Amino acid sequence: MADVVNLNRFRKMRQKEEREKNAEENRVRFGRTKAEKLRDRQEAERRQAELGGKKVEDGTGDQ
């Protein structure tokens with residue numbers, strides 16, 4: 001005689017595995033450490049300041 005199988009348990013297990021797989025993909029795609037975010041922000045500010053110092057203004061007064 002065969003054992004009784006609860007299909008809800010297998011369905012829930014499959015859904016949990018899918019959620020975990022999706023979470024892992026999101027961690028890889030979007031996850032950055034605080035230090036990485038800070039470094040990128042500082043690099044962008046440095047580049048902006050560097051470009052701002054090289055900007056040539058037109059002295060004719062035309063706008």
# chains A, B, ... in the order shown; residues from 1 in each chain; ligands from 1

$ select_by_dssp --residues "chain A" --states "alpha helix (DSSP H)" --output "JSON, numbers by chain"
{"A": [7, 8, 9, 10, 11, 12, 13, 14, 15, 16, 17, 18, 19, 20, 21, 22, 23, 24, 25, 26, 27, 28, 29, 30, 34, 35, 36, 37, 38, 39, 40, 41, 42, 43, 44, 45, 46, 47, 48, 49, 50, 51, 52, 53]}

$ write_last_selection --atoms "N, CA and C atoms" --output "compact mmCIF listing (two decimals), in the first residue's frame"
# COMPACT_ATOMS: atom_id res chain seq x y z
N LEU A 7 0.11 16.99 -1.00
CA LEU A 7 0.60 17.78 -2.13
C LEU A 7 0.82 19.24 -1.77
N ASN A 8 0.10 19.75 -0.77
CA ASN A 8 0.30 21.14 -0.36
C ASN A 8 1.72 21.36 0.14
N ARG A 9 2.27 20.36 0.82
CA ARG A 9 3.62 20.51 1.34
C ARG A 9 4.61 20.66 0.19
N PHE A 10 4.46 19.86 -0.86
CA PHE A 10 5.36 19.95 -2.01
C PHE A 10 5.17 21.26 -2.76
N ARG A 11 3.94 21.72 -2.88
CA ARG A 11 3.67 23.00 -3.55
C ARG A 11 4.33 24.14 -2.78
N LYS A 12 4.18 24.12 -1.46
CA LYS A 12 4.78 25.17 -0.64
C LYS A 12 6.31 25.10 -0.69
N MET A 13 6.85 23.89 -0.71
CA MET A 13 8.31 23.75 -0.80
C MET A 13 8.82 24.33 -2.12
N ARG A 14 8.13 24.04 -3.21
CA ARG A 14 8.53 24.55 -4.52
C ARG A 14 8.46 26.08 -4.56
N GLN A 15 7.39 26.67 -3.99
CA GLN A 15 7.27 28.12 -3.95
C GLN A 15 8.37 28.75 -3.11
N LYS A 16 8.71 28.11 -2.00
CA LYS A 16 9.77 28.63 -1.14
C LYS A 16 11.11 28.61 -1.87
N GLU A 17 11.39 27.54 -2.59
CA GLU A 17 12.63 27.45 -3.36
C GLU A 17 12.69 28.53 -4.44
N GLU A 18 11.57 28.80 -5.09
CA GLU A 18 11.53 29.84 -6.11
C GLU A 18 11.77 31.22 -5.51
N ARG A 19 11.17 31.48 -4.34
CA ARG A 19 11.39 32.77 -3.66
C ARG A 19 12.84 32.94 -3.26
N GLU A 20 13.45 31.86 -2.75
CA GLU A 20 14.86 31.93 -2.35
C GLU A 20 15.77 32.16 -3.55
N LYS A 21 15.45 31.52 -4.67
CA LYS A 21 16.24 31.72 -5.89
C LYS A 21 16.12 33.17 -6.38
N ASN A 22 14.90 33.69 -6.36
CA ASN A 22 14.66 35.07 -6.77
C ASN A 22 15.39 36.05 -5.84
N ALA A 23 15.36 35.77 -4.54
CA ALA A 23 16.04 36.63 -3.57
C ALA A 23 17.55 36.63 -3.82
N GLU A 24 18.11 35.47 -4.13
CA GLU A 24 19.54 35.38 -4.41
C GLU A 24 19.90 36.20 -5.65
N GLU A 25 19.07 36.11 -6.69
CA GLU A 25 19.33 36.89 -7.90
C GLU A 25 19.26 38.38 -7.61
N ASN A 26 18.30 38.80 -6.78
CA ASN A 26 18.19 40.22 -6.44
C ASN A 26 19.37 40.69 -5.60
N ARG A 27 19.87 39.84 -4.71
CA ARG A 27 21.04 40.23 -3.91
C ARG A 27 22.23 40.46 -4.81
N VAL A 28 22.38 39.62 -5.82
CA VAL A 28 23.50 39.78 -6.75
C VAL A 28 23.31 41.03 -7.59
N ARG A 29 22.08 41.26 -8.04
CA ARG A 29 21.81 42.37 -8.95
C ARG A 29 21.84 43.72 -8.24
N PHE A 30 21.22 43.82 -7.07
CA PHE A 30 21.05 45.12 -6.44
C PHE A 30 21.89 45.31 -5.19
N LYS A 34 27.58 49.36 1.91
CA LYS A 34 27.55 50.78 2.20
C LYS A 34 28.84 51.46 1.71
N ALA A 35 29.95 50.76 1.87
CA ALA A 35 31.24 51.31 1.42
C ALA A 35 31.26 51.49 -0.09
N GLU A 36 30.69 50.56 -0.83
CA GLU A 36 30.65 50.69 -2.29
C GLU A 36 29.79 51.87 -2.71
N LYS A 37 28.66 52.05 -2.06
CA LYS A 37 27.79 53.19 -2.36
C LYS A 37 28.50 54.50 -2.05
N LEU A 38 29.18 54.56 -0.91
CA LEU A 38 29.90 55.77 -0.51
C LEU A 38 31.01 56.07 -1.51
N ARG A 39 31.77 55.05 -1.91
CA ARG A 39 32.86 55.24 -2.86
C ARG A 39 32.34 55.78 -4.18
N ASP A 40 31.25 55.21 -4.68
CA ASP A 40 30.68 55.67 -5.95
C ASP A 40 30.18 57.11 -5.84
N ARG A 41 29.55 57.46 -4.71
CA ARG A 41 29.05 58.81 -4.51
C ARG A 41 30.21 59.81 -4.47
N GLN A 42 31.29 59.46 -3.76
CA GLN A 42 32.44 60.35 -3.68
C GLN A 42 33.12 60.50 -5.03
N GLU A 43 33.18 59.43 -5.79
CA GLU A 43 33.78 59.48 -7.13
C GLU A 43 32.96 60.40 -8.04
N ALA A 44 31.65 60.31 -7.96
CA ALA A 44 30.79 61.17 -8.78
C ALA A 44 30.96 62.64 -8.39
N GLU A 45 31.04 62.90 -7.08
CA GLU A 45 31.23 64.28 -6.62
C GLU A 45 32.58 64.82 -7.07
N ARG A 46 33.62 63.98 -7.03
CA ARG A 46 34.96 64.41 -7.45
C ARG A 46 34.97 64.74 -8.94
N ARG A 47 34.32 63.88 -9.74
CA ARG A 47 34.26 64.14 -11.18
C ARG A 47 33.49 65.43 -11.47
N GLN A 48 32.39 65.65 -10.75
CA GLN A 48 31.59 66.86 -10.96
C GLN A 48 32.39 68.11 -10.59
N ALA A 49 33.14 68.05 -9.49
CA ALA A 49 33.96 69.19 -9.07
C ALA A 49 35.07 69.45 -10.09
N GLU A 50 35.65 68.39 -10.61
CA GLU A 50 36.71 68.54 -11.60
C GLU A 50 36.18 69.19 -12.87
N LEU A 51 35.02 68.76 -13.32
CA LEU A 51 34.43 69.36 -14.51
C LEU A 51 34.02 70.81 -14.25
N GLY A 52 33.52 71.09 -13.07
CA GLY A 52 33.10 72.44 -12.73
C GLY A 52 34.27 73.42 -12.74
N GLY A 53 35.44 72.95 -12.35
CA GLY A 53 36.62 73.81 -12.35
C GLY A 53 37.13 74.09 -13.74
